[in-house]
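**Student:** Data file run21.tsv (TSV, C-alpha atoms) is appended below.
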```tsv
chain	number	residue	atom	x	y	z
A	1	MET	CA	18.85	-90.96	-84.43
A	2	SER	CA	15.81	-93.18	-84.19
A	3	SER	CA	12.60	-92.01	-85.83
A	4	GLN	CA	11.03	-92.44	-82.41
A	5	ALA	CA	12.72	-89.25	-81.27
A	6	PRO	CA	10.55	-86.13	-81.37
A	7	SER	CA	11.24	-83.26	-83.73
A	8	LEU	CA	13.46	-80.48	-82.46
A	9	SER	CA	10.47	-78.16	-82.08
A	10	ALA	CA	8.63	-80.78	-80.01
A	11	MET	CA	11.66	-81.28	-77.77
A	12	LEU	CA	12.02	-77.54	-77.25
A	13	ALA	CA	8.33	-77.20	-76.40
A	14	GLY	CA	8.46	-80.15	-74.00
A	15	LEU	CA	11.44	-78.83	-72.07
A	16	ILE	CA	10.03	-75.31	-71.72
A	17	ALA	CA	6.69	-76.68	-70.51
A	18	ALA	CA	8.32	-78.70	-67.71
A	19	PRO	CA	8.77	-76.46	-64.63
A	20	SER	CA	12.18	-76.91	-62.98
A	21	VAL	CA	12.95	-73.84	-60.91
A	22	SER	CA	15.87	-74.17	-58.52
A	23	SER	CA	16.27	-71.67	-55.72
A	24	VAL	CA	17.94	-71.29	-52.35
A	25	THR	CA	14.50	-70.15	-51.15
A	26	PRO	CA	12.75	-73.41	-50.20
A	27	GLU	CA	9.23	-72.30	-51.12
A	28	LEU	CA	10.37	-71.52	-54.69
A	29	ASP	CA	12.54	-74.59	-55.22
A	30	GLN	CA	11.29	-77.38	-57.48
A	31	GLY	CA	12.63	-80.73	-58.64
A	32	ASN	CA	13.89	-81.36	-62.17
A	33	GLY	CA	12.37	-84.83	-62.50
A	34	ARG	CA	10.07	-84.11	-65.44
A	35	VAL	CA	12.90	-82.61	-67.51
A	36	ILE	CA	15.13	-85.59	-66.74
A	37	GLU	CA	12.33	-88.02	-67.71
A	38	LEU	CA	11.85	-86.32	-71.08
A	39	LEU	CA	15.55	-86.29	-71.86
A	40	ALA	CA	15.96	-89.90	-70.77
A	41	ASP	CA	13.15	-91.06	-73.04
A	42	TRP	CA	14.45	-89.14	-76.06
A	43	LEU	CA	18.06	-90.18	-75.60
A	44	ALA	CA	17.21	-93.83	-74.99
A	45	ALA	CA	15.19	-93.80	-78.21
A	46	ALA	CA	18.24	-92.34	-79.94
A	47	GLY	CA	20.41	-95.27	-78.88
A	48	PHE	CA	22.25	-93.62	-75.99
A	49	ARG	CA	22.97	-95.54	-72.80
A	50	VAL	CA	21.12	-93.50	-70.22
A	51	GLU	CA	21.93	-93.20	-66.53
A	52	VAL	CA	19.83	-91.12	-64.14
A	53	ALA	CA	21.84	-90.26	-61.03
A	54	PRO	CA	19.83	-88.87	-58.08
A	55	ILE	CA	21.57	-86.09	-56.16
A	56	PRO	CA	22.34	-87.19	-52.59
A	57	ASP	CA	20.39	-85.22	-49.96
A	58	HIS	CA	18.40	-83.38	-52.65
A	59	PRO	CA	15.08	-85.19	-53.11
A	60	GLY	CA	13.56	-84.75	-56.55
A	61	LYS	CA	16.87	-83.71	-58.12
A	62	ALA	CA	18.98	-85.78	-60.52
A	63	ASN	CA	21.68	-85.60	-63.16
A	64	LEU	CA	21.40	-87.47	-66.44
A	65	ILE	CA	24.41	-88.98	-68.22
A	66	ALA	CA	23.68	-90.32	-71.72
A	67	THR	CA	26.49	-91.98	-73.69
A	68	LEU	CA	26.71	-92.96	-77.35
A	69	GLY	CA	29.71	-95.12	-78.23
A	70	SER	CA	32.46	-96.35	-75.95
A	71	GLY	CA	36.15	-96.10	-75.16
A	72	PRO	CA	38.41	-93.52	-73.56
A	73	GLY	CA	38.29	-89.78	-74.16
A	74	GLY	CA	35.36	-88.37	-76.07
A	75	LEU	CA	33.26	-85.24	-75.95
A	76	VAL	CA	30.62	-84.01	-73.49
A	77	PHE	CA	27.79	-81.63	-74.38
A	78	SER	CA	26.44	-80.30	-71.08
A	79	GLY	CA	23.47	-78.22	-70.05
A	80	HIS	CA	21.65	-77.56	-66.81
A	81	THR	CA	18.01	-78.53	-66.48
A	82	ASP	CA	16.92	-75.84	-64.02
A	83	THR	CA	15.80	-72.26	-64.39
A	84	VAL	CA	15.64	-69.28	-62.07
A	85	PRO	CA	12.34	-68.27	-60.43
A	86	PHE	CA	10.10	-66.05	-62.51
A	87	ASP	CA	7.31	-63.48	-62.16
A	88	PRO	CA	4.53	-64.48	-64.62
A	89	GLU	CA	2.89	-61.06	-64.40
A	90	ARG	CA	6.01	-59.44	-65.88
A	91	TRP	CA	5.90	-61.65	-68.97
A	92	THR	CA	3.91	-60.82	-72.11
A	93	HIS	CA	4.29	-64.45	-73.25
A	94	ASP	CA	3.51	-67.56	-71.21
A	95	PRO	CA	6.86	-68.44	-69.58
A	96	LEU	CA	6.00	-72.17	-69.60
A	97	ARG	CA	4.90	-72.36	-73.23
A	98	LEU	CA	7.25	-72.15	-76.19
A	99	THR	CA	6.05	-69.24	-78.31
A	100	GLU	CA	7.51	-68.17	-81.65
A	101	ASP	CA	7.04	-64.50	-82.40
A	102	GLY	CA	9.01	-62.33	-84.80
A	103	GLY	CA	11.83	-64.83	-85.25
A	104	ARG	CA	12.25	-65.32	-81.52
A	105	LEU	CA	11.46	-68.34	-79.37
A	106	TYR	CA	10.05	-67.12	-76.05
A	107	GLY	CA	9.90	-69.16	-72.85
A	108	LEU	CA	11.64	-69.74	-69.54
A	109	GLY	CA	14.91	-71.51	-70.30
A	110	THR	CA	15.05	-70.78	-74.02
A	111	SER	CA	18.29	-68.85	-73.69
A	112	ASP	CA	19.51	-70.10	-70.30
A	113	MET	CA	19.66	-72.95	-71.22
A	114	LYS	CA	17.23	-75.82	-71.77
A	115	SER	CA	17.26	-75.25	-75.52
A	116	PHE	CA	20.89	-76.33	-75.75
A	117	LEU	CA	19.99	-79.82	-74.55
A	118	ALA	CA	17.40	-80.26	-77.30
A	119	ILE	CA	19.80	-78.84	-79.89
A	120	ALA	CA	22.54	-81.24	-78.74
A	121	ILE	CA	20.19	-84.19	-79.24
A	122	GLU	CA	19.28	-82.84	-82.67
A	123	ALA	CA	22.96	-82.53	-83.59
A	124	ALA	CA	23.37	-86.27	-82.92
A	125	ARG	CA	20.38	-87.20	-85.09
A	126	GLY	CA	21.25	-90.11	-87.35
A	127	LEU	CA	24.34	-91.19	-85.41
A	128	GLY	CA	24.83	-94.68	-84.00
A	129	ALA	CA	27.50	-96.05	-81.71
A	130	GLY	CA	29.23	-97.62	-84.70
A	131	ASP	CA	29.73	-94.18	-86.25
A	132	LEU	CA	31.93	-93.00	-83.39
A	133	LYS	CA	35.56	-93.76	-82.60
A	134	ARG	CA	35.25	-92.03	-79.24
A	135	PRO	CA	32.10	-91.55	-77.15
A	136	LEU	CA	29.67	-88.67	-77.24
A	137	VAL	CA	28.10	-87.83	-73.87
A	138	ILE	CA	25.08	-85.59	-73.33
A	139	LEU	CA	25.03	-84.45	-69.71
A	140	ALA	CA	22.08	-82.73	-68.00
A	141	THR	CA	22.69	-81.36	-64.52
A	142	ALA	CA	20.62	-80.14	-61.58
A	143	ASP	CA	20.66	-76.90	-59.59
A	144	GLU	CA	23.17	-74.84	-61.57
A	145	GLU	CA	21.11	-71.74	-60.80
A	146	SER	CA	21.29	-72.26	-57.04
A	147	SER	CA	23.67	-74.61	-55.22
A	148	MET	CA	25.30	-76.36	-58.20
A	149	SER	CA	24.49	-79.59	-56.40
A	150	GLY	CA	24.49	-81.49	-59.69
A	151	ALA	CA	28.03	-80.53	-60.68
A	152	ARG	CA	29.25	-81.00	-57.11
A	153	ALA	CA	27.75	-84.51	-57.07
A	154	LEU	CA	29.65	-85.38	-60.25
A	155	VAL	CA	32.90	-84.28	-58.61
A	156	ALA	CA	32.09	-86.25	-55.46
A	157	ALA	CA	31.48	-89.36	-57.57
A	158	GLY	CA	34.85	-88.79	-59.22
A	159	ARG	CA	33.95	-90.47	-62.49
A	160	PRO	CA	35.58	-89.10	-65.65
A	161	LEU	CA	33.00	-88.36	-68.33
A	162	GLY	CA	35.17	-87.34	-71.26
A	163	ARG	CA	38.31	-85.57	-72.31
A	164	TYR	CA	36.66	-82.36	-73.52
A	165	ALA	CA	33.39	-80.61	-72.69
A	166	VAL	CA	31.17	-77.89	-74.12
A	167	ILE	CA	28.75	-76.17	-71.74
A	168	GLY	CA	25.95	-74.55	-73.70
A	169	GLU	CA	25.43	-71.49	-71.51
A	170	PRO	CA	24.39	-68.34	-73.39
A	171	THR	CA	27.47	-66.85	-75.07
A	172	GLY	CA	26.04	-65.70	-78.39
A	173	LEU	CA	27.92	-68.51	-80.16
A	174	ARG	CA	31.27	-67.08	-79.08
A	175	PRO	CA	33.62	-69.49	-77.28
A	176	VAL	CA	34.55	-68.71	-73.68
A	177	ARG	CA	37.61	-70.34	-72.12
A	178	LEU	CA	37.85	-68.57	-68.77
A	179	HIS	CA	35.55	-67.00	-66.24
A	180	LYS	CA	35.70	-65.49	-62.80
A	181	GLY	CA	34.76	-67.35	-59.66
A	182	VAL	CA	31.78	-66.35	-57.55
A	183	MET	CA	31.70	-66.01	-53.78
A	184	GLY	CA	28.85	-64.87	-51.54
A	185	GLU	CA	29.79	-64.01	-47.95
A	186	ALA	CA	27.71	-63.12	-44.89
A	187	ILE	CA	29.33	-60.86	-42.29
A	188	ARG	CA	27.62	-60.76	-38.90
A	189	LEU	CA	28.37	-58.47	-35.99
A	190	THR	CA	26.76	-58.88	-32.59
A	191	GLY	CA	26.86	-56.18	-29.92
A	192	ARG	CA	24.56	-55.27	-27.04
A	193	THR	CA	21.23	-53.47	-27.17
A	194	GLY	CA	20.37	-50.56	-24.93
A	195	HIS	CA	18.39	-47.34	-24.76
A	196	ALA	CA	19.30	-45.00	-27.61
A	197	SER	CA	19.50	-42.03	-25.23
A	198	ASP	CA	22.79	-43.29	-23.75
A	199	PRO	CA	25.33	-44.92	-26.14
A	200	SER	CA	27.31	-46.27	-23.18
A	201	LEU	CA	24.49	-48.68	-22.37
A	202	GLY	CA	25.24	-50.87	-25.40
A	203	ARG	CA	27.62	-51.74	-28.23
A	204	ASN	CA	26.22	-50.67	-31.58
A	205	ALA	CA	26.64	-53.37	-34.23
A	206	LEU	CA	25.47	-51.02	-36.97
A	207	ASP	CA	28.20	-48.52	-36.10
A	208	GLY	CA	30.66	-51.41	-36.25
A	209	MET	CA	29.36	-52.52	-39.65
A	210	HIS	CA	29.82	-49.00	-40.96
A	211	GLU	CA	33.51	-49.30	-40.11
A	212	VAL	CA	33.64	-52.83	-41.59
A	213	MET	CA	32.18	-51.51	-44.84
A	214	THR	CA	34.85	-48.82	-44.97
A	215	GLU	CA	37.50	-51.53	-44.52
A	216	ILE	CA	35.95	-53.67	-47.25
A	217	ILE	CA	35.91	-50.76	-49.69
A	218	ARG	CA	39.58	-50.07	-48.89
A	219	TRP	CA	40.33	-53.80	-49.39
A	220	ARG	CA	38.42	-53.79	-52.68
A	221	GLU	CA	40.50	-50.89	-53.95
A	222	GLY	CA	43.68	-52.74	-53.04
A	223	LEU	CA	42.54	-55.93	-54.79
A	224	ALA	CA	41.90	-53.97	-57.97
A	225	VAL	CA	45.46	-52.60	-57.89
A	226	ARG	CA	47.22	-55.87	-56.99
A	227	HIS	CA	45.35	-58.33	-59.21
A	228	ARG	CA	44.70	-57.81	-62.93
A	229	HIS	CA	43.82	-60.10	-65.83
A	230	PRO	CA	43.65	-58.34	-69.20
A	231	ALA	CA	41.39	-60.96	-70.79
A	232	PHE	CA	38.38	-59.77	-68.77
A	233	PRO	CA	36.28	-56.69	-69.64
A	234	VAL	CA	36.48	-55.87	-65.91
A	235	PRO	CA	40.13	-56.90	-65.45
A	236	PHE	CA	40.19	-57.02	-61.63
A	237	PRO	CA	38.28	-58.83	-58.88
A	238	THR	CA	35.11	-57.08	-57.79
A	239	VAL	CA	33.46	-56.83	-54.38
A	240	ASN	CA	29.83	-55.73	-54.22
A	241	LEU	CA	28.10	-54.70	-50.97
A	242	GLY	CA	24.67	-56.04	-51.82
A	243	HIS	CA	22.49	-56.40	-48.72
A	244	ILE	CA	22.49	-55.09	-45.15
A	245	HIS	CA	20.13	-55.42	-42.22
A	246	GLY	CA	20.54	-54.38	-38.62
A	247	GLY	CA	18.57	-53.44	-35.54
A	248	ASP	CA	14.84	-53.35	-34.96
A	249	ASN	CA	13.88	-49.85	-33.79
A	250	PRO	CA	15.38	-46.36	-33.99
A	251	ASN	CA	15.28	-45.85	-30.22
A	252	ARG	CA	17.28	-49.01	-29.45
A	253	ILE	CA	21.02	-49.44	-29.84
A	254	CYS	CA	21.53	-51.91	-32.67
A	255	GLY	CA	22.47	-55.28	-31.20
A	256	GLN	CA	23.05	-57.21	-34.43
A	257	CYS	CA	23.88	-56.34	-38.03
A	258	GLU	CA	24.41	-58.53	-41.09
A	259	LEU	CA	25.99	-57.64	-44.44
A	260	HIS	CA	26.01	-59.80	-47.59
A	261	ILE	CA	28.66	-59.25	-50.24
A	262	ASP	CA	29.38	-60.70	-53.68
A	263	LEU	CA	32.95	-61.31	-54.89
A	264	ARG	CA	33.98	-62.11	-58.48
A	265	VAL	CA	37.34	-63.85	-58.33
A	266	LEU	CA	40.04	-63.88	-61.00
A	267	PRO	CA	41.75	-67.13	-62.01
A	268	GLY	CA	44.76	-67.64	-59.78
A	269	LEU	CA	43.11	-66.24	-56.65
A	270	GLY	CA	42.15	-68.68	-53.91
A	271	VAL	CA	38.70	-68.63	-52.34
A	272	GLU	CA	40.01	-69.50	-48.88
A	273	ASP	CA	42.77	-66.89	-49.12
A	274	LEU	CA	40.23	-64.17	-49.91
A	275	ARG	CA	37.92	-65.26	-47.13
A	276	GLY	CA	40.89	-65.17	-44.76
A	277	GLU	CA	41.78	-61.61	-45.80
A	278	LEU	CA	38.17	-60.52	-45.33
A	279	SER	CA	37.97	-62.18	-41.91
A	280	GLU	CA	41.12	-60.42	-40.71
A	281	ARG	CA	39.61	-57.05	-41.50
A	282	VAL	CA	36.28	-57.84	-39.88
A	283	ALA	CA	37.98	-59.22	-36.78
A	284	ALA	CA	40.12	-56.12	-36.33
A	285	VAL	CA	37.07	-53.84	-36.33
A	286	ALA	CA	35.05	-56.13	-34.07
A	287	GLU	CA	37.80	-56.43	-31.49
A	288	ARG	CA	38.29	-52.66	-31.31
A	289	ARG	CA	34.58	-52.22	-30.67
A	290	GLY	CA	33.95	-55.17	-28.39
A	291	LEU	CA	31.68	-56.94	-30.88
A	292	ALA	CA	31.31	-60.64	-31.66
A	293	TRP	CA	31.77	-61.43	-35.34
A	294	GLU	CA	31.61	-64.16	-37.95
A	295	VAL	CA	32.20	-64.50	-41.70
A	296	GLN	CA	30.38	-67.37	-43.38
A	297	PRO	CA	29.78	-68.35	-47.02
A	298	LEU	CA	26.24	-67.88	-48.29
A	299	PHE	CA	26.81	-70.84	-50.66
A	300	GLY	CA	29.62	-73.07	-51.77
A	301	ALA	CA	31.93	-70.88	-53.83
A	302	ILE	CA	32.18	-71.34	-57.59
A	303	PRO	CA	35.91	-71.30	-58.34
A	304	PRO	CA	37.37	-69.40	-61.29
A	305	VAL	CA	38.47	-71.43	-64.31
A	306	GLU	CA	40.89	-70.98	-67.18
A	307	THR	CA	41.19	-73.52	-69.98
A	308	PRO	CA	44.56	-73.18	-71.75
A	309	ALA	CA	44.46	-71.12	-74.91
A	310	ASP	CA	46.20	-73.92	-76.82
A	311	SER	CA	43.70	-76.61	-75.75
A	312	GLU	CA	42.27	-78.62	-78.63
A	313	ILE	CA	38.71	-77.74	-77.58
A	314	VAL	CA	39.51	-74.01	-77.50
A	315	ARG	CA	41.13	-74.16	-80.92
A	316	ALA	CA	38.20	-76.11	-82.33
A	317	GLY	CA	35.68	-73.66	-80.89
A	318	GLU	CA	37.57	-70.72	-82.36
A	319	ALA	CA	37.92	-72.37	-85.77
A	320	LEU	CA	34.28	-73.38	-86.04
A	321	THR	CA	32.84	-70.04	-84.84
A	322	GLY	CA	35.42	-67.67	-86.32
A	323	HIS	CA	35.75	-65.91	-82.96
A	324	PRO	CA	38.67	-65.87	-80.53
A	325	ALA	CA	37.94	-67.37	-77.14
A	326	GLU	CA	36.78	-64.83	-74.57
A	327	ALA	CA	36.48	-64.29	-70.82
A	328	VAL	CA	33.25	-63.60	-68.90
A	329	SER	CA	32.44	-62.54	-65.37
A	330	PHE	CA	29.53	-64.93	-64.74
A	331	GLY	CA	30.07	-68.39	-63.27
A	332	THR	CA	29.37	-71.81	-64.80
A	333	GLU	CA	29.94	-75.48	-64.00
A	334	ALA	CA	33.27	-75.42	-65.89
A	335	PRO	CA	35.53	-75.41	-62.78
A	336	PHE	CA	33.84	-78.59	-61.55
A	337	PHE	CA	34.38	-80.23	-64.93
A	338	ASP	CA	38.00	-79.13	-64.75
A	339	ARG	CA	38.31	-81.06	-61.48
A	340	LEU	CA	37.04	-84.14	-63.34
A	341	GLY	CA	39.88	-83.80	-65.83
A	342	MET	CA	37.89	-82.27	-68.70
A	343	GLN	CA	39.14	-79.29	-70.66
A	344	THR	CA	36.05	-77.15	-71.14
A	345	ILE	CA	34.70	-74.26	-73.16
A	346	VAL	CA	31.42	-72.44	-72.65
A	347	LEU	CA	29.60	-71.98	-75.94
A	348	GLY	CA	25.89	-71.69	-76.55
A	349	PRO	CA	23.31	-70.00	-78.80
A	350	GLY	CA	21.60	-67.79	-76.22
A	351	ASP	CA	22.55	-64.31	-75.08
A	352	ILE	CA	23.44	-63.56	-71.46
A	353	ALA	CA	21.39	-60.35	-71.70
A	354	GLN	CA	18.29	-62.57	-71.97
A	355	ALA	CA	19.16	-64.74	-68.99
A	356	HIS	CA	17.01	-64.28	-65.86
A	357	GLN	CA	14.78	-61.75	-67.64
A	358	PRO	CA	11.03	-61.55	-68.27
A	359	ASP	CA	10.20	-62.58	-71.85
A	360	GLU	CA	13.43	-64.55	-72.14
A	361	PHE	CA	13.97	-65.58	-75.75
A	362	LEU	CA	16.31	-67.34	-78.15
A	363	GLU	CA	16.81	-66.05	-81.68
A	364	ALA	CA	15.47	-68.81	-83.94
A	365	ALA	CA	18.19	-68.00	-86.48
A	366	ARG	CA	20.82	-69.16	-83.96
A	367	ILE	CA	19.59	-72.76	-84.03
A	368	PRO	CA	20.86	-73.97	-87.45
A	369	PRO	CA	24.43	-72.68	-86.93
A	370	THR	CA	24.48	-74.20	-83.45
A	371	ILE	CA	23.52	-77.60	-84.86
A	372	GLU	CA	26.27	-77.36	-87.47
A	373	LEU	CA	28.77	-76.22	-84.83
A	374	LEU	CA	27.98	-79.18	-82.59
A	375	ARG	CA	28.17	-81.58	-85.52
A	376	GLY	CA	31.58	-80.16	-86.37
A	377	LEU	CA	32.73	-80.80	-82.81
A	378	ILE	CA	31.38	-84.36	-82.93
A	379	ARG	CA	33.32	-85.01	-86.12
A	380	ARG	CA	36.49	-83.53	-84.64
A	381	PHE	CA	36.44	-85.24	-81.24
A	382	CYS	CA	34.39	-88.39	-81.77
A	383	GLN	CA	34.82	-89.41	-85.41
A	384	ASP	CA	38.19	-88.26	-86.76
A	385	ASP	CA	40.83	-90.95	-87.09
A	386	HIS	CA	43.34	-89.14	-84.89
A	387	ALA	CA	42.41	-88.43	-81.31
A	388	PRO	CA	43.47	-85.07	-79.80
A	389	SER	CA	46.95	-85.23	-78.37
A	390	VAL	CA	46.25	-84.06	-74.81
A	391	PRO	CA	45.93	-87.08	-72.47
A	392	LEU	CA	42.90	-87.51	-70.27
A	393	ARG	CA	43.79	-86.11	-66.86
A	394	ALA	CA	42.79	-87.96	-63.72
A	395	PRO	CA	40.09	-86.25	-61.64
A	396	ALA	CA	41.38	-83.96	-58.91
A	397	ASP	CA	41.05	-85.17	-55.33
```
Mind converting the file's structure to structure tokens?

**Tutor:**
Amino acid sequence: MSSQAPSLSAMLAGLIAAPSVSSVTPELDQGNGRVIELLADWLAAAGFRVEVAPIPDHPGKANLIATLGSGPGGLVFSGHTDTVPFDPERWTHDPLRLTEDGGRLYGLGTSDMKSFLAIAIEAARGLGAGDLKRPLVILATADEESSMSGARALVAAGRPLGRYAVIGEPTGLRPVRLHKGVMGEAIRLTGRTGHASDPSLGRNALDGMHEVMTEIIRWREGLAVRHRHPAFPVPFPTVNLGHIHGGDNPNRICGQCELHIDLRVLPGLGVEDLRGELSERVAAVAERRGLAWEVQPLFGAIPPVETPADSEIVRAGEALTGHPAEAVSFGTEAPFFDRLGMQTIVLGPGDIAQAHQPDEFLEAARIPPTIELLRGLIRRFCQDDHAPSVPLRAPAD
């Protein structure tokens, strides 16, 4: 890598100091332009070909695709540039300043997951295009913490980026090859208001939602019996009733009620199939009670993903870490990469327990082994004489 590139500590400090909150709440949402600018400057200085791709219909948001070397196949190191919102008053360290204290690096995005991008650049230090038989790509995406607009834009563009990918989400340096999908659904019932003294004057949407909730709990119990995957710590799909609001006054019959639920979906289950099953149950209750109803997604679902256990990237991750590949219940961009034809593992130095928490930190001792791990992957997938045997799959339609 060129001597023009900053030190790893300077890159870490620069990324943490650049605010890039993404949120479905407009007043909290920020662009990621400053983070992209920093990465683009560093990677260009390192000899990468750098492309900044604005996200359609998302002003101030962009992906960055930086490529060293050329040819088919290759390896992608991917990280998202955004963070969740934060409450400064709950932090004992400045969330936008990298602070080392007691062997820990504190700051917003240290664990989840800006640090991985700086570490990936550090792992490529000293490499030139002529050192690689297959390309190395460093990918930085937008909005993973909210809409996943960055990953969705990559799929829409339909451009293959590499044969294999490593997403540096916080896994404690243990490889992950499968995770559940994530759905958020809004259920709305509309009845008719009236004076609370006479129930016949209206149709109570809150009463109807009580019955809907009973049906959802019964459905949840059935899903847990019918669908199991032993790789997961929670081996069945989950349905969480997370938010409800209805009515406006105790002496009025409730005319409208809304329930938000979270579903964690096992590989092999279809998002549309589950939404259809949910809708059938809501419709049955609504029709019995004379209520209007709708079921709508709160956001575009994150599908489940499962990279084959015998994939070259899974085997390499297991060999280099000494840990068997695992399953997690949180979502990542991996299913979108899968649609682009990349076999993907999730593997990063942070800990998920630190993600989205005040005083988020990364153990400083995790950095050297992460650098060596990434260098081992570069040797395996970009420098070895023999390319992995699995052919590059065309992107899904």

**Student:** Counting all atoms listed in the file, figure out which residue out of A:Gly255, A:Pro26, A:Gly69, A:Gly242 gets nearest to Ala186 (chain A).

**Tutor:**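 With all atoms listed in the file as the atom set, the closest residue is A:Gly242.
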
**Student:** Just checking: using all atoms listed in the file, which residue out of A:Val346, A:Val35, A:Cys257, A:Leu98 ends up closest to Ala286 (chain A)?

**Tutor:**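 Among A:Val346, A:Val35, A:Cys257, A:Leu98, it is A:Cys257 that comes nearest to Ala286 (chain A).
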
**Student:** Write out as a PyMOL selection string the residues lying within 8 Å of region 193-206 of chain A, counting all atoms listed in the file and excluding same-chain residues fewer than 2 positions away.

**Tutor:** chain A and resi 189-191+208-210+246-247+250-257+289-291

**Student:** Could you give me, as an MDAnalysis selection string, the residues that sit within 7 Å of (37.7, -67.9, -57.4) in the file's coordinates, counting all atoms listed in the file?

**Tutor:** chainID A and resid 180:182 264:267 269:271 302:304

**Student:** Write the residues of the preceding selection, restricted to C-alpha atoms, as a short mmCIF file (atom, residue, chain, number, x, y, z; two decimals), in the coordinates of the input.

**Tutor:**
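The resulting again_26.cif:
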```cif
data_model
loop_
_atom_site.label_atom_id
_atom_site.label_comp_id
_atom_site.auth_asym_id
_atom_site.auth_seq_id
_atom_site.Cartn_x
_atom_site.Cartn_y
_atom_site.Cartn_z
CA LYS A 180 35.70 -65.49 -62.80
CA GLY A 181 34.76 -67.35 -59.66
CA VAL A 182 31.78 -66.35 -57.55
CA ARG A 264 33.98 -62.11 -58.48
CA VAL A 265 37.34 -63.85 -58.33
CA LEU A 266 40.04 -63.88 -61.00
CA PRO A 267 41.75 -67.13 -62.01
CA LEU A 269 43.11 -66.24 -56.65
CA GLY A 270 42.15 -68.68 -53.91
CA VAL A 271 38.70 -68.63 -52.34
CA ILE A 302 32.18 -71.34 -57.59
CA PRO A 303 35.91 -71.30 -58.34
CA PRO A 304 37.37 -69.40 -61.29
#
```

**Student:** Closest to Thr99 (chain A) among A:Leu259, A:Leu12, A:Leu75, A:Met213, using all atoms listed in the file?

**Tutor:** A:Leu12

**Student:** Which of these residues is nearest to Thr81 (chain A), using only C-alpha atoms: A:Gly126, A:Gly158, A:Gly31, A:Pro233?

**Tutor:**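 Among the listed residues, the smallest separation from Thr81 (chain A) belongs to A:Gly31.
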
**Student:** Taking 3 positions as the minimum chain separation for residues in the same chain, which residues sit within 9 Å of Ile378 (chain A) when counting only C-alpha atoms? Answer as an MDAnalysis selection string.

**Tutor:** chainID A and resid 74:75 123:124 132 136 373:375 381:384

**Student:** Rounded to one decimal, what separation in Å do you get between CA of Ala364 (chain A) and CA of Glu100 (chain A)?

**Tutor:**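 Interatomic distance, CA of Ala364 (chain A) to CA of Glu100 (chain A): 8.3 Å.
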
**Student:** Measure the distance from CA of Asp29 (chain A) to CA of His58 (chain A) in Å and round it to one decimal.

**Tutor:**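 Between these atoms lies a distance of 10.9 Å.
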
**Student:** Considering all atoms listed in the file, state which residue in the set A:Ile121, A:Ala151, A:Leu8, A:Leu28 is at the smallest distance from Pro54 (chain A).

**Tutor:**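 Of A:Ile121, A:Ala151, A:Leu8, A:Leu28, the one nearest Pro54 (chain A) is A:Ala151, counting all atoms listed in the file.
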
**Student:** Would you compute the distance between CA of Glu144 (chain A) and CA of Gly168 (chain A)? Give it in Å to one decimal.

**Tutor:**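 It comes out at 12.4 Å.
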
**Student:** Which residue gives the smallest distance to Gly276 (chain A) among A:Val21, A:Leu68, A:Val295, A:Leu263, with only C-alpha atoms counted?

**Tutor:**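 Smallest separation from Gly276 (chain A) among the options: A:Val295.
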
**Student:** Which residues are near Leu139 (chain A)? Cut-off 8 Å, all atoms listed in the file, ignore same chain within fewer than 4 positions. Put them as a list in words.

**Tutor:** Asn63, Leu64, Ile65, Ala66, Val76, Phe77, Ser78 and Gly79 of chain A

**Student:** Which protein, DNA or RNA residues are at most 12 Å from (22.8, -77.8, -57.0) in the file's coordinates when you count only C-alpha atoms, listed as a ChimeraX atom specification?

**Tutor:** /A:21-24,29-32,54-63,80-83,141-154,299-302,332-333,336
